[in-house]
file input-v2.txt (compact mmCIF, C-alpha atoms)
# COMPACT_ATOMS: atom_id res chain seq x y z
CA MET A 1 18.83 -9.92 1.00
CA ALA A 2 16.37 -7.98 3.10
CA THR A 3 13.04 -9.59 3.74
CA SER A 4 9.98 -7.93 2.27
CA THR A 5 7.29 -6.10 4.19
CA THR A 6 3.87 -7.76 4.06
CA ARG A 7 1.18 -5.38 2.96
CA ALA A 8 -1.67 -5.26 5.46
CA PRO A 9 -5.19 -5.30 4.02
CA GLY A 10 -6.19 -1.80 2.97
CA ASN A 11 -2.67 -0.36 3.19
CA SER A 12 -1.75 1.95 0.34
CA ARG A 13 1.52 1.77 -1.56
CA ALA A 14 2.61 4.94 0.25
CA GLU A 15 2.05 3.22 3.62
CA LEU A 16 3.89 0.12 2.40
CA ILE A 17 6.87 2.26 1.38
CA THR A 18 6.99 4.32 4.56
CA ASP A 19 6.44 1.30 6.81
CA ALA A 20 9.38 -0.34 5.04
CA ALA A 21 11.43 2.81 5.63
CA LEU A 22 10.60 2.67 9.34
CA ALA A 23 11.55 -1.01 9.49
CA LEU A 24 14.91 -0.20 7.88
CA LEU A 25 15.56 2.62 10.33
CA ALA A 26 14.89 0.32 13.26
CA GLU A 27 17.04 -2.49 11.83
CA ARG A 28 19.94 -0.64 10.16
CA GLY A 29 19.87 2.99 11.23
CA MET A 30 19.93 6.08 9.05
CA ARG A 31 22.71 4.76 6.80
CA GLY A 32 20.56 1.81 5.85
CA LEU A 33 17.70 3.99 4.63
CA THR A 34 18.04 4.24 0.84
CA HIS A 35 15.51 4.23 -1.96
CA ARG A 36 16.81 0.90 -3.24
CA ALA A 37 16.74 -0.68 0.22
CA VAL A 38 13.15 0.47 0.75
CA ASP A 39 12.11 -1.11 -2.56
CA GLU A 40 13.71 -4.38 -1.49
CA ARG A 41 12.27 -4.30 2.02
CA ALA A 42 8.78 -3.52 0.67
CA GLY A 43 9.00 -6.16 -2.07
CA LEU A 44 8.40 -3.55 -4.77
CA PRO A 45 10.02 -3.14 -8.21
CA GLN A 46 13.16 -1.03 -8.24
CA GLY A 47 12.30 2.63 -8.71
CA SER A 48 9.00 2.48 -6.85
CA THR A 49 10.27 4.48 -3.87
CA SER A 50 11.95 7.02 -6.15
CA ASN A 51 8.66 7.53 -7.95
CA TYR A 52 6.94 8.16 -4.63
CA ALA A 53 9.67 10.31 -3.02
CA ARG A 54 12.28 11.48 -5.52
CA THR A 55 14.76 12.96 -3.06
CA ARG A 56 16.12 11.78 0.27
CA GLN A 57 14.52 14.79 1.92
CA ALA A 58 11.12 13.79 0.51
CA LEU A 59 11.63 10.22 1.73
CA LEU A 60 12.58 11.43 5.20
CA GLU A 61 9.55 13.73 5.39
CA ALA A 62 7.23 10.93 4.31
CA THR A 63 8.81 8.66 6.92
CA VAL A 64 8.37 11.26 9.67
CA ARG A 65 4.72 11.66 8.65
CA ARG A 66 4.15 7.91 8.80
CA LEU A 67 5.90 7.66 12.16
CA ALA A 68 3.54 10.30 13.54
CA GLU A 69 0.57 8.33 12.21
CA ARG A 70 1.83 5.09 13.74
CA GLU A 71 2.56 6.78 17.08
CA ALA A 72 -0.91 8.32 17.13
CA GLN A 73 -2.40 4.85 16.68
CA VAL A 74 -0.36 3.55 19.62
CA LEU A 75 -0.69 6.49 22.00
CA ALA A 76 -4.23 7.49 20.94
CA PRO A 77 -4.16 10.95 22.60
CA GLY A 78 -7.80 11.52 21.65
CA GLU A 79 -8.84 8.61 23.87
CA LEU A 80 -7.31 10.02 27.06
CA PRO A 81 -10.04 10.97 29.55
CA VAL A 82 -10.47 14.64 30.39
CA PRO A 83 -10.46 15.27 34.16
CA GLY A 84 -13.95 16.23 35.24
CA GLY A 85 -15.45 15.01 31.98
CA GLU A 86 -16.52 11.79 30.34
CA PRO A 87 -13.65 9.71 28.92
CA GLU A 88 -13.98 9.10 25.18
CA GLY A 89 -12.40 5.67 25.20
CA ARG A 90 -11.52 4.22 28.57
CA GLY A 91 -9.25 1.22 28.58
CA GLN A 92 -9.53 -1.75 30.86
CA GLY A 93 -8.72 -0.81 34.43
CA GLU A 94 -9.19 2.94 34.05
CA ALA A 95 -11.03 4.93 36.66
CA ALA A 96 -14.39 6.44 35.76
CA ASP A 97 -13.33 10.08 35.65
CA GLY A 98 -11.14 12.73 37.22
CA PRO A 99 -7.33 12.86 37.57
CA ASP A 100 -7.14 9.15 38.36
CA ALA A 101 -8.62 8.37 34.95
CA LEU A 102 -6.07 10.61 33.26
CA VAL A 103 -3.23 8.87 35.13
CA ALA A 104 -4.61 5.44 34.14
CA GLY A 105 -4.97 6.47 30.50
CA LEU A 106 -1.46 7.88 30.30
CA ALA A 107 0.02 4.79 31.97
CA LEU A 108 -1.76 2.39 29.62
CA ALA A 109 -0.77 4.34 26.51
CA LEU A 110 2.89 4.60 27.51
CA HIS A 111 3.09 0.95 28.55
CA ARG A 112 1.56 -0.09 25.21
CA TYR A 113 4.21 1.91 23.37
CA LEU A 114 7.13 0.61 25.44
CA THR A 115 6.17 -3.06 25.32
CA ARG A 116 4.58 -3.48 21.87
CA HIS A 117 6.27 -0.92 19.63
CA PRO A 118 9.83 -0.24 20.83
CA GLU A 119 11.02 -0.20 17.21
CA LEU A 120 9.07 3.02 16.66
CA LEU A 121 11.06 4.66 19.44
CA ILE A 122 14.32 3.73 17.70
CA CYS A 123 12.95 5.29 14.51
CA ARG A 124 11.99 8.43 16.40
CA TYR A 125 15.53 8.86 17.75
CA GLU A 126 17.12 8.20 14.35
CA LEU A 127 14.91 10.83 12.71
CA ALA A 128 15.26 13.34 15.55
CA LEU A 129 19.06 13.18 15.33
CA GLU A 130 18.92 13.55 11.55
CA ALA A 131 16.68 16.58 11.99
CA THR A 132 19.41 18.30 14.02
CA ARG A 133 21.56 18.23 10.86
CA ARG A 134 18.80 19.14 8.39
CA PRO A 135 16.99 22.40 9.24
CA GLU A 136 14.32 21.69 6.62
CA LEU A 137 13.58 18.35 8.28
CA ARG A 138 13.66 19.95 11.75
CA ASP A 139 10.74 22.21 10.85
CA PHE A 140 8.80 19.27 9.47
CA PHE A 141 9.62 17.05 12.46
CA ASP A 142 8.52 19.74 14.92
CA ALA A 143 5.26 20.33 13.04
CA THR A 144 4.28 16.67 13.28
CA GLY A 145 5.09 16.68 17.00
CA ARG A 146 2.46 19.30 17.69
CA GLN A 147 -0.29 16.71 17.29
CA PHE A 148 0.83 15.27 20.63
CA ARG A 149 1.88 18.42 22.46
CA GLU A 150 -1.31 20.41 21.90
CA PRO A 151 -3.66 17.72 23.31
CA LEU A 152 -1.46 17.46 26.40
CA VAL A 153 -1.70 21.21 26.96
CA ALA A 154 -5.49 20.90 26.71
CA LEU A 155 -5.47 17.99 29.16
CA MET A 156 -3.35 19.91 31.66
CA THR A 157 -5.70 22.86 31.36
CA ALA A 158 -8.69 20.61 32.01
CA ALA A 159 -6.87 19.06 34.97
CA GLY A 160 -6.64 22.48 36.60
CA SER A 161 -3.05 23.42 35.81
CA ALA A 162 -2.20 27.07 36.41
CA GLU A 163 0.60 26.81 33.82
CA PRO A 164 -0.54 24.21 31.28
CA GLU A 165 2.20 24.92 28.71
CA ARG A 166 5.00 24.51 31.25
CA HIS A 167 3.39 21.49 32.87
CA ALA A 168 2.83 19.84 29.49
CA LEU A 169 6.54 20.33 28.79
CA SER A 170 7.40 18.67 32.11
CA LEU A 171 5.09 15.78 31.32
CA VAL A 172 6.58 15.32 27.84
CA ALA A 173 10.13 15.53 29.23
CA TRP A 174 9.37 12.87 31.85
CA CYS A 175 7.84 10.56 29.25
CA GLU A 176 10.65 11.14 26.75
CA GLY A 177 13.29 10.41 29.36
CA LEU A 178 11.54 7.22 30.41
CA MET A 179 11.08 6.09 26.80
CA PHE A 180 14.74 6.67 25.95
CA SER A 181 15.91 4.84 29.07
CA CYS A 182 13.71 1.84 28.25
CA ALA A 183 14.37 1.78 24.49
CA ALA A 184 18.05 2.63 24.26
CA GLY A 185 19.33 3.35 27.75
CA SER A 186 20.29 1.41 30.83
CA TYR A 187 16.71 0.33 31.60
CA HIS A 188 16.08 -1.40 28.27
CA ARG A 189 15.58 -4.69 30.14
CA SER A 190 13.44 -3.15 32.88
CA VAL A 191 10.30 -1.69 31.32
CA PRO A 192 8.00 -0.43 34.11
CA THR A 193 4.70 -2.15 34.70
CA VAL A 194 1.40 -0.34 34.22
CA ALA A 195 1.14 -0.02 38.01
CA GLU A 196 4.61 1.51 38.24
CA LEU A 197 3.79 3.96 35.45
CA ARG A 198 0.59 4.93 37.22
CA THR A 199 2.58 5.66 40.37
CA GLY A 200 5.03 7.78 38.40
CA PHE A 201 2.31 9.76 36.65
CA THR A 202 0.47 10.24 39.95
CA GLU A 203 3.57 11.65 41.65
CA LEU A 204 4.29 13.92 38.69
CA LEU A 205 0.76 15.29 38.40
CA ARG A 206 0.40 15.69 42.15
CA GLY A 207 3.53 17.83 42.19
CA MET A 208 2.31 19.99 39.31
CA LEU A 209 -1.36 20.30 40.24
CA GLY A 210 -1.11 20.43 44.01
CA SER A 211 -1.35 18.00 46.89
CA HIS A 212 -5.18 18.07 46.82
CA ARG A 213 -5.06 16.15 43.51
CA ARG A 214 -4.91 12.40 43.72
call {"tool": "encode", "arguments": {"input": "input-v2.txt", "output": "structure tokens"}}
result
Amino acid sequence: MATSTTRAPGNSRAELITDAALALLAERGMRGLTHRAVDERAGLPQGSTSNYARTRQALLEATVRRLAEREAQVLAPGELPVPGGEPEGRGQGEAADGPDALVAGLALALHRYLTRHPELLICRYELALEATRRPELRDFFDATGRQFREPLVALMTAAGSAEPERHALSLVAWCEGLMFSCAAGSYHRSVPTVAELRTGFTELLRGMLGSHRR
């Protein structure tokens, strides 16, 4: 029998259900995500998940929404420092301002995701693949992804990018490739250090913004 999910203080029943759904996706894949299994994983009476999300589509949408919330807590895009401005929430070891601070913030956020929450990456890939077969879920999945893409475009604009949309795409593609390699690819045992990530981000941004950026 599946173990139950412990409800964190202040978590709603909806969060308990969707966190259980994410745990099932990480452990069993898409085939293991059923209303009954979520009830068991969450330690709730049978029928609780059906009352919350009556169809599989509704359950998948709620799970995508919760994944976006959990990823936002990990990546914290609003805390990334704006080049030339005052960082809103510098982490330990970040530079005071400028492109170096942006590089440090990106490296810390990505390292936190890769080392502390790899199960969320597995969930992301399970849901992304399912979205390729469900057009209605694809639209929903893409909409939730904009909460990360739009801040990156703003950051690239602030960093001096002449083509912020294209450069944001390159940045996302680099991060996505690295995350897949470390979560499910051949580098799953070789997660880069913060210093290595900083070097990678520095090289990437230098190429996009010009050699005068450091």
call {"tool": "atom_distance", "arguments": {"input": "input-v2.txt", "atom1": "atom CA of A:Arg146", "atom2": "atom CA of A:Val64"}}
result
12.8 Å
call {"tool": "atom_distance", "arguments": {"input": "input-v2.txt", "atom1": "atom CA of A:Pro118", "atom2": "atom CA of A:Thr63"}}
result
16.5 Å
call {"tool": "closest_atom_pairs", "arguments": {"input": "input-v2.txt", "of": "stretch 93-129 of chain A", "to": "stretch 136-139 of chain A", "cutoff": "10 Å", "atoms": "only C-alpha atoms", "output": "Markdown table"}}
result
| residue | atom | partner | partner_atom | distance |
| --- | --- | --- | --- | --- |
| A:Leu127 | CA | A:Leu137 | CA | 8.8 |
| A:Ala128 | CA | A:Arg138 | CA | 7.8 |
| A:Leu129 | CA | A:Arg138 | CA | 9.4 |
call {"tool": "write_last_selection", "arguments": {"input": "input-v2.txt", "atoms": "C-alpha atoms", "output": "PDB file, in the frame of the given file"}}
result
ATOM      1  CA  LEU A 127      14.910  10.830  12.710  1.00  0.00           C
ATOM      2  CA  ALA A 128      15.260  13.340  15.550  1.00  0.00           C
ATOM      3  CA  LEU A 129      19.060  13.180  15.330  1.00  0.00           C
TER       4      LEU A 129
END
call {"tool": "atom_distance", "arguments": {"input": "input-v2.txt", "atom1": "atom CA of A:Ala168", "atom2": "atom CA of A:Arg134"}}
result
26.5 Å
call {"tool": "closest_residue", "arguments": {"input": "input-v2.txt", "among": "A:Ser48, A:Gln57, A:Ser181, A:Ser161", "to": "A:Gly210", "atoms": "all atoms listed in the file"}}
result
A:Ser161
call {"tool": "closest_residue", "arguments": {"input": "input-v2.txt", "among": "A:Leu24, A:Ala76, A:Leu114, A:Met30", "to": "A:Glu176", "atoms": "only C-alpha atoms"}}
result
A:Leu114
